[in-house]
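Dumped start11.cif below, it's mmCIF, C-alpha atoms:
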```cif
data_start
loop_
_atom_site.label_atom_id
_atom_site.label_comp_id
_atom_site.auth_asym_id
_atom_site.auth_seq_id
_atom_site.Cartn_x
_atom_site.Cartn_y
_atom_site.Cartn_z
CA MET L 485 29.97 -16.64 11.29
CA SER L 486 33.42 -17.25 9.97
CA HIS L 487 35.19 -16.74 6.67
CA HIS L 488 38.34 -18.41 5.49
CA LEU L 489 40.48 -16.92 2.75
CA PHE L 490 43.20 -18.81 0.91
CA ILE L 491 45.50 -17.51 -1.79
CA VAL L 492 46.74 -20.35 -3.97
CA SER L 493 49.46 -20.05 -6.60
CA PRO L 494 49.06 -21.38 -10.18
CA SER L 495 50.96 -24.48 -9.08
CA ASP L 496 48.51 -24.94 -6.19
CA SER L 497 50.84 -24.03 -3.35
CA PRO L 498 49.23 -21.97 -0.59
CA LEU L 499 50.65 -18.44 -0.29
CA TYR L 500 48.45 -16.87 2.34
CA SER L 501 45.51 -17.81 4.52
CA LEU L 502 43.25 -15.91 6.82
CA ALA L 503 40.44 -16.88 9.17
CA HIS L 504 38.01 -14.09 9.82
CA TYR L 505 35.31 -14.30 12.46
CA SER L 506 32.70 -11.66 11.96
CA THR L 507 30.09 -10.61 14.44
CA LYS L 508 27.36 -10.42 11.86
CA PRO L 509 24.61 -13.00 12.46
CA THR L 510 24.82 -16.27 10.62
CA ASN L 511 21.94 -17.53 8.55
CA SER L 512 23.14 -21.05 7.85
CA VAL L 513 20.80 -23.98 8.20
CA ALA L 514 21.54 -26.91 10.50
CA SER L 515 22.19 -30.19 8.80
CA PRO L 516 19.50 -32.80 9.47
CA LEU L 517 22.15 -35.50 9.75
CA SER L 518 23.83 -33.92 12.69
CA ALA L 519 21.33 -35.08 15.32
CA ASN L 520 21.75 -38.81 14.88
CA LEU L 521 25.49 -38.96 14.67
CA PRO L 522 27.48 -40.99 17.19
CA SER L 523 30.08 -39.30 19.29
CA TRP L 524 33.51 -39.79 17.72
CA SER L 525 35.28 -37.41 19.93
CA THR L 526 37.92 -39.88 21.05
CA SER L 527 39.18 -40.56 17.54
CA ALA L 528 41.92 -38.41 16.11
CA PHE L 529 40.00 -37.99 12.88
CA ALA L 530 36.70 -37.26 14.54
CA GLY L 531 36.51 -33.80 13.10
CA THR L 532 37.14 -34.98 9.56
CA LEU L 533 34.63 -37.79 9.81
CA THR L 534 31.84 -35.72 11.25
CA ALA L 535 32.53 -33.02 8.71
CA LEU L 536 32.43 -35.43 5.82
CA SER L 537 29.20 -37.02 7.02
CA GLY L 538 27.49 -33.68 6.88
CA ALA L 539 27.21 -32.78 10.51
CA SER L 540 27.85 -29.11 10.84
CA SER L 541 26.47 -28.12 14.17
CA VAL L 542 27.55 -31.05 16.29
CA THR L 543 29.54 -29.88 19.25
CA HIS L 544 32.07 -32.01 21.00
CA HIS L 545 32.58 -31.97 24.71
CA THR L 546 36.27 -32.17 25.22
CA SER L 547 37.79 -33.74 28.28
CA GLY L 548 38.49 -30.34 29.73
CA GLY L 549 34.79 -29.70 29.85
CA GLY L 550 34.93 -26.88 27.33
CA VAL L 551 32.77 -26.95 24.24
CA ARG L 552 34.47 -26.50 20.89
CA MET L 553 32.99 -26.15 17.49
CA GLY L 554 32.03 -29.15 15.42
CA GLY L 555 34.15 -30.98 12.90
CA GLY L 556 33.23 -28.74 9.99
CA GLN L 557 35.04 -25.87 11.63
CA ASP L 558 38.35 -27.64 12.12
CA ARG L 559 41.36 -26.09 10.48
CA HIS L 560 42.42 -29.16 8.52
CA VAL L 561 38.88 -29.82 7.29
CA ILE L 562 38.59 -26.27 6.02
CA GLN L 563 41.91 -26.55 4.22
CA MET L 564 40.77 -29.78 2.64
CA ILE L 565 37.49 -28.28 1.44
CA ALA L 566 39.32 -25.32 -0.03
CA ASN L 567 41.80 -27.48 -1.89
CA ALA L 568 39.12 -29.85 -3.08
CA SER L 569 37.28 -26.98 -4.72
CA LEU L 570 40.30 -26.22 -6.91
CA ASP L 571 39.22 -28.95 -9.34
CA VAL L 572 35.82 -27.36 -9.83
CA ILE L 573 37.39 -23.92 -10.21
CA GLU L 574 39.79 -25.07 -12.91
CA ASP L 575 36.87 -26.54 -14.83
CA VAL L 576 34.75 -23.43 -14.53
CA MET L 577 37.46 -20.88 -15.26
CA ARG L 578 37.98 -22.32 -18.73
CA LYS L 579 34.34 -21.75 -19.65
CA GLU L 580 33.47 -18.58 -17.80
CA ASN L 581 35.33 -15.44 -18.73
CA VAL L 582 34.78 -13.70 -15.41
CA MET L 583 37.25 -13.40 -12.58
CA TYR L 584 34.75 -13.66 -9.73
CA LEU L 585 33.26 -17.14 -9.63
CA LYS L 586 30.56 -16.93 -7.02
CA SER L 587 29.48 -19.98 -5.06
CA VAL L 588 31.51 -22.23 -7.30
CA ASP L 589 31.45 -25.17 -4.92
CA LYS L 590 29.45 -26.29 -1.90
CA PHE L 591 30.38 -28.66 0.87
CA ASN L 592 28.03 -29.18 3.81
CA GLU L 593 27.55 -25.79 5.40
CA TRP L 594 30.41 -24.22 3.47
CA THR L 595 30.08 -22.36 0.21
CA VAL L 596 33.26 -21.71 -1.75
CA SER L 597 33.58 -18.55 -3.80
CA ALA L 598 36.65 -17.92 -5.88
CA PHE L 599 38.43 -15.15 -7.69
CA VAL L 600 40.91 -15.93 -10.45
CA THR L 601 43.34 -13.14 -11.31
CA PRO L 602 44.63 -12.71 -14.88
CA GLY L 603 47.92 -14.24 -13.76
CA ASN L 604 46.05 -17.38 -12.68
CA MET L 605 46.40 -16.74 -8.98
CA LYS L 606 43.38 -18.09 -7.14
CA PHE L 607 41.68 -16.54 -4.13
CA LEU L 608 39.33 -18.95 -2.35
CA LEU L 609 36.83 -17.90 0.26
CA LEU L 610 34.86 -20.33 2.40
CA HIS L 611 31.73 -18.74 3.75
CA GLU L 612 28.41 -19.78 5.22
CA GLY L 613 25.97 -17.06 4.37
CA LYS L 614 25.10 -15.41 1.07
CA ASN L 615 26.81 -12.09 0.49
CA ASP L 616 27.72 -11.83 -3.21
CA ASP L 617 28.39 -8.11 -3.46
CA GLY L 618 30.35 -7.92 -0.23
CA ILE L 619 32.50 -10.85 -1.25
CA LYS L 620 33.15 -9.32 -4.66
CA SER L 621 34.29 -6.04 -3.11
CA PHE L 622 36.45 -7.99 -0.71
CA PHE L 623 38.06 -9.93 -3.56
CA ILE L 624 38.75 -6.75 -5.53
CA ASP L 625 40.48 -5.32 -2.47
CA VAL L 626 42.57 -8.45 -2.06
CA TRP L 627 43.39 -8.34 -5.76
CA GLU L 628 44.68 -4.80 -5.45
CA LEU L 629 46.78 -5.73 -2.43
CA TYR L 630 48.10 -8.81 -4.17
CA THR L 631 48.99 -6.84 -7.32
CA LYS L 632 50.93 -4.39 -5.19
CA THR L 633 52.70 -7.26 -3.45
CA MET L 634 53.77 -8.88 -6.69
CA LEU L 635 55.25 -5.62 -7.98
CA ASN L 636 58.01 -6.27 -5.47
CA PRO L 637 60.92 -7.58 -7.57
CA PHE L 638 61.77 -10.10 -4.85
CA HIS L 639 58.32 -11.63 -4.95
CA THR L 640 57.77 -14.65 -7.18
CA ALA L 641 54.65 -16.67 -7.86
CA HIS L 642 55.77 -19.18 -5.26
CA THR L 643 56.81 -17.01 -2.33
CA SER L 644 54.29 -16.94 0.45
CA ILE L 645 53.07 -13.51 1.45
CA ARG L 646 54.38 -12.55 4.88
CA SER L 647 54.02 -8.78 4.79
CA PRO L 648 52.35 -7.52 7.99
CA VAL L 649 50.93 -4.57 6.05
CA PHE L 650 49.30 -6.92 3.56
CA ASP L 651 47.85 -8.93 6.43
CA SER L 652 46.42 -5.92 8.23
CA ARG L 653 44.94 -4.49 5.02
CA VAL L 654 43.24 -7.78 4.19
CA ARG L 655 41.87 -7.98 7.73
CA ALA L 656 40.56 -4.44 7.53
CA SER L 657 38.85 -5.20 4.24
CA ALA L 658 37.36 -8.40 5.65
CA LYS L 659 35.97 -6.45 8.58
CA LYS L 660 34.45 -3.95 6.19
CA TYR L 661 32.80 -6.26 3.68
CA LEU L 662 32.27 -9.68 5.29
CA MET I 160 96.94 11.33 15.15
CA ALA I 161 94.34 8.72 14.55
CA TYR I 162 91.63 11.04 13.32
CA THR I 163 93.51 13.05 10.73
CA GLN I 164 92.31 10.73 8.01
CA PRO I 165 88.52 10.86 8.06
CA HIS I 166 86.82 7.52 8.05
CA PRO I 167 85.24 7.15 4.60
CA ARG I 168 81.85 6.16 5.96
CA LEU I 169 81.72 9.00 8.47
CA SER I 170 82.78 11.55 5.92
CA VAL I 171 79.91 10.70 3.64
CA LEU I 172 77.33 11.03 6.39
CA SER I 173 78.72 14.11 8.09
CA THR I 174 79.36 16.15 4.97
CA SER I 175 75.87 15.49 3.77
CA SER I 176 74.43 16.54 7.12
CA LEU I 177 76.27 19.84 7.45
CA PRO I 178 75.47 22.84 5.34
CA PRO I 179 78.36 23.76 3.09
CA SER I 180 80.12 26.81 4.46
CA ALA I 181 83.42 28.51 3.84
CA ASP I 182 84.95 27.96 7.28
CA TYR I 183 83.78 24.38 7.44
CA ALA I 184 86.84 23.10 5.63
CA SER I 185 89.29 25.25 7.55
CA PRO I 186 91.93 23.35 9.56
CA THR I 187 90.76 24.71 12.92
CA ASN I 188 87.36 23.16 12.51
CA SER I 189 88.43 19.97 10.82
CA SER I 190 89.89 18.57 14.03
CA THR I 191 86.49 18.72 15.74
CA ARG I 192 84.73 17.18 12.81
CA PHE I 193 85.16 13.64 14.00
CA SER I 194 85.35 14.23 17.72
CA LEU I 195 82.59 13.21 20.09
CA ALA I 196 80.93 16.55 19.72
CA SER I 197 79.92 15.73 16.19
CA ALA I 198 78.38 12.45 17.22
CA PRO I 199 74.91 13.88 17.96
CA SER I 200 74.71 15.41 14.53
CA LEU I 201 75.71 12.07 13.05
CA SER I 202 72.99 10.22 14.93
CA ASN I 203 70.57 12.94 13.93
CA THR I 204 71.24 12.29 10.28
CA LEU I 205 70.77 8.58 10.82
CA VAL I 206 67.45 9.08 12.54
CA GLY I 207 66.50 11.65 9.98
CA SER I 208 67.26 9.36 7.08
CA THR I 209 65.32 6.40 8.52
CA LYS I 210 62.44 8.71 9.19
CA ALA I 211 62.56 9.89 5.62
CA THR I 212 62.39 6.32 4.28
CA SER I 213 59.57 5.29 6.61
CA ALA I 214 57.66 8.45 5.76
CA ARG I 215 57.78 7.48 2.11
CA PRO I 216 54.46 5.81 1.42
CA SER I 217 54.65 2.04 1.20
CA ILE I 218 53.47 0.41 -2.01
CA TYR I 219 50.26 -0.49 -0.21
CA ASP I 220 49.44 3.20 0.25
CA ARG I 221 49.89 4.11 -3.36
CA ASN I 222 47.21 4.29 -5.97
CA LEU I 223 47.73 1.79 -8.77
CA ASN I 224 45.50 3.68 -11.15
CA LYS I 225 47.61 6.81 -11.17
CA THR I 226 49.48 6.62 -14.45
CA ARG I 227 50.24 10.28 -15.04
CA PHE I 228 53.86 11.29 -14.49
CA THR I 229 54.86 7.67 -13.97
CA GLU I 230 56.31 7.10 -17.41
CA VAL I 231 59.98 6.25 -17.56
CA SER I 232 62.15 8.26 -19.90
CA GLY I 233 63.30 6.44 -23.01
CA SER I 234 66.96 7.19 -22.45
CA ALA I 235 66.85 5.92 -18.86
CA PHE I 236 65.32 2.71 -20.11
CA ALA I 237 67.84 2.41 -22.95
CA PHE I 238 70.66 2.79 -20.44
CA LEU I 239 69.19 0.20 -18.08
CA PHE I 240 68.51 -2.22 -20.88
CA SER I 241 72.01 -1.91 -22.30
CA GLU I 242 73.35 -2.74 -18.83
CA MET I 243 71.05 -5.75 -18.67
CA VAL I 244 72.28 -7.04 -22.01
CA GLN I 245 75.91 -6.49 -21.07
CA TYR I 246 75.45 -8.12 -17.67
CA THR I 247 73.79 -11.11 -19.28
CA GLN I 248 76.33 -11.37 -22.05
CA LYS I 249 79.18 -11.76 -19.54
CA ARG I 250 77.50 -14.82 -18.08
CA VAL I 251 76.51 -16.85 -21.09
CA SER I 252 78.23 -19.18 -23.54
CA GLY I 253 76.37 -18.41 -26.75
CA ILE I 254 73.70 -16.45 -28.50
CA GLY I 255 70.98 -18.99 -27.77
CA ASP I 256 71.82 -18.85 -24.10
CA LEU I 257 71.84 -15.06 -24.12
CA GLU I 258 68.43 -14.92 -25.76
CA ARG I 259 67.05 -17.41 -23.26
CA ARG I 260 68.26 -15.33 -20.35
CA LEU I 261 66.82 -12.16 -21.81
CA ASN I 262 63.59 -14.06 -22.24
CA THR I 263 63.63 -15.01 -18.54
CA LEU I 264 64.20 -11.40 -17.55
CA GLY I 265 61.28 -10.36 -19.73
CA TYR I 266 59.11 -13.05 -18.19
CA ARG I 267 59.55 -11.48 -14.77
CA VAL I 268 58.37 -8.18 -16.20
CA GLY I 269 55.50 -9.80 -18.08
CA VAL I 270 53.79 -11.37 -15.08
CA ARG I 271 53.68 -7.95 -13.44
CA VAL I 272 52.58 -6.14 -16.57
CA LEU I 273 49.67 -8.53 -17.00
CA GLU I 274 48.38 -8.27 -13.46
CA MET I 275 48.81 -4.50 -13.27
CA MET I 276 47.34 -3.78 -16.69
CA MET I 277 44.28 -5.91 -16.05
CA PHE I 278 43.82 -4.36 -12.65
CA ARG I 279 43.79 -0.90 -14.18
CA GLN I 280 41.29 -1.99 -16.80
CA GLU I 281 38.96 -4.19 -14.84
CA SER I 282 39.03 -3.31 -11.16
CA SER I 283 36.42 -0.59 -11.52
CA SER I 284 34.12 -2.64 -13.74
CA LYS I 285 31.06 -4.29 -12.28
CA ASN I 286 32.03 -7.74 -13.38
CA PRO I 287 35.77 -8.09 -14.00
CA LYS I 288 36.49 -10.30 -16.98
CA ARG I 289 39.43 -12.39 -18.04
CA GLU I 290 40.00 -13.63 -21.56
CA THR I 291 39.55 -17.31 -22.18
CA ARG I 292 39.78 -17.52 -25.97
CA LEU I 293 42.92 -17.44 -28.03
CA LEU I 294 42.24 -14.74 -30.60
CA PRO I 295 41.09 -12.07 -28.13
CA VAL I 296 44.18 -12.84 -26.05
CA LEU I 297 46.46 -12.33 -29.06
CA MET I 298 44.71 -9.07 -29.86
CA LEU I 299 45.08 -8.03 -26.22
CA ILE I 300 48.83 -8.61 -26.45
CA HIS I 301 49.10 -6.84 -29.79
CA SER I 302 47.32 -3.71 -28.63
CA GLN I 303 47.00 -3.35 -24.86
CA VAL I 304 50.15 -5.06 -23.65
CA TRP I 305 52.21 -3.21 -26.25
CA LYS I 306 50.58 0.06 -25.25
CA ALA I 307 51.20 -0.57 -21.57
CA VAL I 308 54.85 -1.43 -22.13
CA PHE I 309 55.92 0.64 -25.14
CA GLY I 310 53.22 3.28 -25.39
CA LYS I 311 52.06 2.19 -28.85
CA ALA I 312 50.40 -0.84 -30.40
CA ALA I 313 52.41 -3.41 -32.36
CA ASP I 314 52.34 -3.04 -36.11
CA ALA I 315 50.91 -6.35 -37.22
CA ILE I 316 49.77 -9.73 -36.07
CA GLU I 317 49.90 -12.66 -38.46
CA LYS I 318 49.03 -16.31 -38.47
CA SER I 319 51.61 -18.66 -39.89
CA VAL I 320 50.64 -20.24 -43.18
CA GLU I 321 52.63 -23.43 -42.70
CA ASN I 322 51.95 -24.17 -39.04
CA ALA I 323 48.56 -23.85 -37.39
CA ASP I 324 50.10 -23.34 -33.95
CA GLU I 325 52.27 -20.36 -34.86
CA TYR I 326 51.40 -16.69 -34.64
CA MET I 327 53.62 -13.70 -35.22
CA ILE I 328 53.54 -10.24 -33.74
CA ILE I 329 55.51 -7.74 -35.78
CA ASP I 330 56.98 -4.50 -34.59
CA ASN I 331 58.55 -2.30 -37.27
CA ASP I 332 60.58 -0.24 -34.85
CA PRO I 333 60.79 -1.87 -31.40
CA PRO I 334 61.64 0.82 -28.86
CA ILE I 335 64.00 -1.44 -26.93
CA GLU I 336 66.19 -1.94 -30.00
CA ARG I 337 66.26 1.67 -31.06
CA HIS I 338 69.68 2.30 -29.52
CA ILE I 339 71.18 -1.11 -30.09
CA SER I 340 73.32 -2.12 -33.01
CA VAL I 341 74.25 -5.76 -32.90
CA PRO I 342 77.81 -6.65 -33.97
CA ARG I 343 78.10 -8.48 -37.26
CA ASP I 344 79.39 -11.73 -35.69
CA MET I 345 76.29 -11.92 -33.48
CA SER I 346 73.84 -11.11 -36.23
CA GLN I 347 71.36 -13.78 -35.13
CA LEU I 348 70.91 -12.14 -31.77
CA SER I 349 67.63 -10.36 -31.29
CA CYS I 350 67.37 -8.30 -28.13
CA SER I 351 63.60 -8.42 -28.55
CA SER I 352 63.91 -11.76 -26.74
CA PHE I 353 63.13 -9.59 -23.74
CA THR I 354 59.81 -8.67 -25.34
CA ALA I 355 59.27 -12.32 -26.19
CA GLY I 356 59.60 -13.09 -22.50
CA ILE I 357 56.93 -10.52 -21.67
CA VAL I 358 54.59 -12.08 -24.25
CA GLU I 359 55.29 -15.55 -22.91
CA ALA I 360 54.42 -14.47 -19.37
CA VAL I 361 51.15 -12.91 -20.47
CA LEU I 362 50.15 -16.01 -22.42
CA ASP I 363 51.16 -18.29 -19.54
CA GLY I 364 49.22 -16.25 -17.01
CA LEU I 365 46.06 -16.38 -19.07
CA GLY I 366 46.41 -20.13 -19.53
CA PHE I 367 47.90 -20.38 -23.01
CA PRO I 368 51.30 -21.98 -22.55
CA ALA I 369 53.54 -21.22 -25.50
CA ARG I 370 57.17 -20.93 -26.52
CA VAL I 371 57.90 -17.42 -27.65
CA THR I 372 61.04 -16.37 -29.51
CA ALA I 373 62.20 -13.21 -31.24
CA HIS I 374 63.71 -12.93 -34.70
CA ASN I 375 65.20 -10.13 -36.74
CA THR I 376 63.29 -9.59 -39.96
CA PRO I 377 64.76 -6.38 -41.33
CA THR I 378 63.37 -4.69 -44.42
CA THR I 379 64.95 -1.83 -46.31
CA GLN I 380 62.44 0.56 -44.85
CA TYR I 381 62.64 -0.76 -41.28
CA PRO I 382 66.14 -2.02 -40.46
CA THR I 383 65.22 -2.98 -36.87
CA ARG I 384 61.94 -4.69 -37.67
CA SER I 385 61.51 -7.76 -35.47
CA THR I 386 59.05 -10.59 -35.28
CA ILE I 387 57.87 -12.21 -32.08
CA LEU I 388 57.10 -15.82 -32.93
CA ILE I 389 54.53 -17.56 -30.73
CA LYS I 390 54.49 -21.33 -30.88
CA LEU I 391 51.49 -22.47 -28.90
CA ASP I 392 51.41 -25.61 -26.83
CA LYS I 393 49.43 -28.54 -28.18
CA ILE I 394 46.86 -28.41 -25.39
CA VAL I 395 45.91 -24.85 -26.31
CA LEU I 396 44.88 -25.84 -29.83
CA GLU I 397 43.02 -28.89 -28.58
CA ARG I 398 41.10 -26.78 -26.11
CA GLU I 399 40.27 -24.16 -28.73
CA GLU I 400 38.97 -26.92 -30.97
CA LEU I 401 36.68 -28.17 -28.18
CA MET I 402 35.36 -24.71 -27.41
CA LYS I 403 34.28 -23.99 -30.97
#
```

Using structure tokens, write down the structure that the file contains.
Amino acid sequence: MSHHLFIVSPSDSPLYSLAHYSTKPTNSVASPLSANLPSWSTSAFAGTLTALSGASSVTHHTSGGGVRMGGGQDRHVIQMIANASLDVIEDVMRKENVMYLKSVDKFNEWTVSAFVTPGNMKFLLLHEGKNDDGIKSFFIDVWELYTKTMLNPFHTAHTSIRSPVFDSRVRASAKKYL
Amino acid sequence: MAYTQPHPRLSVLSTSSLPPSADYASPTNSSTRFSLASAPSLSNTLVGSTKATSARPSIYDRNLNKTRFTEVSGSAFAFLFSEMVQYTQKRVSGIGDLERRLNTLGYRVGVRVLEMMMFRQESSSKNPKRETRLLPVLMLIHSQVWKAVFGKAADAIEKSVENADEYMIIDNDPPIERHISVPRDMSQLSCSSFTAGIVEAVLDGLGFPARVTAHNTPTTQYPTRSTILIKLDKIVLEREELMK
């Protein structure tokens, strides 16, 4: 089971991203569409197409003989899903007065949860299972780390976060809660 | 002799590393001060000083909720702020420009104040909240932001009678102007533009874009009384209308 965290600035530029693969068992359901999908593996956009058509558990056999994960797990697809959910988040955050917007968007096997800080910084998390409390604790941790980062006078709302300490703390928190 | 004049950089390091003693400055010892023999002690200080800085806890190790003993003294702030105003004044062409730059400096403070203040308030709550309506946000600025920055709430908050999009926050005795007397030929200048910048950042962060300016509105009782004028963006009023 994997989690993908993105920190997006108020002007929608990505500041930080993290892919976390936890060992905890996944409880996602297989998409019914996945069985009768043709093999697109030769096309460059195969991953995107299979992902968009709803196939989550299709596995491609690459020419090397190795098996890699299906289209829904591709890096660019995940980035696209995360960015697409920004529209929904901006709608919801005007109405709801909470920072943690749980399961704000869904796309195939992915659920998107978000956390909007008072300064309008958005944390997006793509996850498969349901884990509301864990995700909330994780977001609060990230919020604390982000607040500490932005206290740096050289940090602006548009500088990407490159601190190795920040990265290791976020990873540790992800290991703990996700 | 090449080493009679101590190198300025070496002298700073080596004098700080050695304990002050009476014979230290005597001419017999001074010749060995900058010889090779003193090199180990020099490198020791270097290692020692880097160790000291790395031993200092990084910001990530510090507790954000610890507010005791972290207040800054008023005189230290007054000194820093006077330097900021002087620095800015050397680089501008007029009062409007100066106020705009002070506003920008305040904005940088405001984004941090907002995030930090809300973290202290909300991080321990079960369901952290952010304000989405205008009036609570204005009240938040009037009381909490002022308390976080100046240690006291502002004195009044008023709605403009003529313009629906204007609000005013009034401080009878703004702490940042307490030690400032503006020359007569610059009487329009209000150093509270810095505060205006803080307010603008808080409003922007919470999604209420506005133009915030500061104006002197002295009374006989309060000669430094200033008004922070908030002119809200059109979209804010439209949204408030829809949310009614």

Grab the CA of Arg227 in chain I to CA of Thr631 in chain L distance for me, in Å with one decimal place. 18.8 Å

Expansion of the PyMOL selection byres ((chain L and resi 602-614) around 8) into residues, as an mmCIF file with C-alpha atoms, in the coordinates of the input:
```
data_model
loop_
_atom_site.group_PDB
_atom_site.id
_atom_site.type_symbol
_atom_site.label_atom_id
_atom_site.label_comp_id
_atom_site.auth_asym_id
_atom_site.auth_seq_id
_atom_site.Cartn_x
_atom_site.Cartn_y
_atom_site.Cartn_z
ATOM 1 C CA MET L 485 29.970 -16.640 11.290
ATOM 2 C CA SER L 486 33.420 -17.250 9.970
ATOM 3 C CA HIS L 487 35.190 -16.740 6.670
ATOM 4 C CA HIS L 488 38.340 -18.410 5.490
ATOM 5 C CA LEU L 489 40.480 -16.920 2.750
ATOM 6 C CA PHE L 490 43.200 -18.810 0.910
ATOM 7 C CA ILE L 491 45.500 -17.510 -1.790
ATOM 8 C CA VAL L 492 46.740 -20.350 -3.970
ATOM 9 C CA SER L 493 49.460 -20.050 -6.600
ATOM 10 C CA PRO L 494 49.060 -21.380 -10.180
ATOM 11 C CA THR L 510 24.820 -16.270 10.620
ATOM 12 C CA ASN L 511 21.940 -17.530 8.550
ATOM 13 C CA SER L 512 23.140 -21.050 7.850
ATOM 14 C CA ILE L 562 38.590 -26.270 6.020
ATOM 15 C CA ALA L 566 39.320 -25.320 -0.030
ATOM 16 C CA MET L 583 37.250 -13.400 -12.580
ATOM 17 C CA GLU L 593 27.550 -25.790 5.400
ATOM 18 C CA TRP L 594 30.410 -24.220 3.470
ATOM 19 C CA THR L 595 30.080 -22.360 0.210
ATOM 20 C CA VAL L 596 33.260 -21.710 -1.750
ATOM 21 C CA SER L 597 33.580 -18.550 -3.800
ATOM 22 C CA ALA L 598 36.650 -17.920 -5.880
ATOM 23 C CA PHE L 599 38.430 -15.150 -7.690
ATOM 24 C CA VAL L 600 40.910 -15.930 -10.450
ATOM 25 C CA THR L 601 43.340 -13.140 -11.310
ATOM 26 C CA ASN L 615 26.810 -12.090 0.490
ATOM 27 C CA ASP L 616 27.720 -11.830 -3.210
ATOM 28 C CA PHE L 623 38.060 -9.930 -3.560
ATOM 29 C CA VAL I 270 53.790 -11.370 -15.080
ATOM 30 C CA LEU I 273 49.670 -8.530 -17.000
ATOM 31 C CA GLU I 274 48.380 -8.270 -13.460
ATOM 32 C CA MET I 277 44.280 -5.910 -16.050
ATOM 33 C CA ARG I 289 39.430 -12.390 -18.040
ATOM 34 C CA VAL I 361 51.150 -12.910 -20.470
ATOM 35 C CA ASP I 363 51.160 -18.290 -19.540
ATOM 36 C CA GLY I 364 49.220 -16.250 -17.010
ATOM 37 C CA LEU I 365 46.060 -16.380 -19.070
ATOM 38 C CA GLY I 366 46.410 -20.130 -19.530
#
```

Once the PyMOL selection byres ((chain L) within 8 of (chain I)) has been evaluated on this model, what residues remain selected, and can you format them as a PyMOL selection string? chain L and resi 578-584+601-604+624+627-629+631-635+649-650

Take the residues from that selection and put them in a file with C-alpha atoms, as a short mmCIF file (atom, residue, chain, number, x, y, z; two decimals), keeping the file's coordinate frame.
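As a result, part.cif now contains:
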```
data_model
loop_
_atom_site.label_atom_id
_atom_site.label_comp_id
_atom_site.auth_asym_id
_atom_site.auth_seq_id
_atom_site.Cartn_x
_atom_site.Cartn_y
_atom_site.Cartn_z
CA ARG L 578 37.98 -22.32 -18.73
CA LYS L 579 34.34 -21.75 -19.65
CA GLU L 580 33.47 -18.58 -17.80
CA ASN L 581 35.33 -15.44 -18.73
CA VAL L 582 34.78 -13.70 -15.41
CA MET L 583 37.25 -13.40 -12.58
CA TYR L 584 34.75 -13.66 -9.73
CA THR L 601 43.34 -13.14 -11.31
CA PRO L 602 44.63 -12.71 -14.88
CA GLY L 603 47.92 -14.24 -13.76
CA ASN L 604 46.05 -17.38 -12.68
CA ILE L 624 38.75 -6.75 -5.53
CA TRP L 627 43.39 -8.34 -5.76
CA GLU L 628 44.68 -4.80 -5.45
CA LEU L 629 46.78 -5.73 -2.43
CA THR L 631 48.99 -6.84 -7.32
CA LYS L 632 50.93 -4.39 -5.19
CA THR L 633 52.70 -7.26 -3.45
CA MET L 634 53.77 -8.88 -6.69
CA LEU L 635 55.25 -5.62 -7.98
CA VAL L 649 50.93 -4.57 6.05
CA PHE L 650 49.30 -6.92 3.56
#
```

The PyMOL selection byres ((chain I and resi 254) around 12) - which residues does that actually catch in the file I just gave you? List them as a PyMOL selection string. chain I and resi 244+247-253+255-261+341-342+344-350+352

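One finds CA of Lys586 in chain L at 19.8 Å from CA of Ser506 in chain L.
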
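For the atom pair formed by CA of Val358 in chain I and CA of Lys225 in chain I, the distance is 24.0 Å, given to one decimal.
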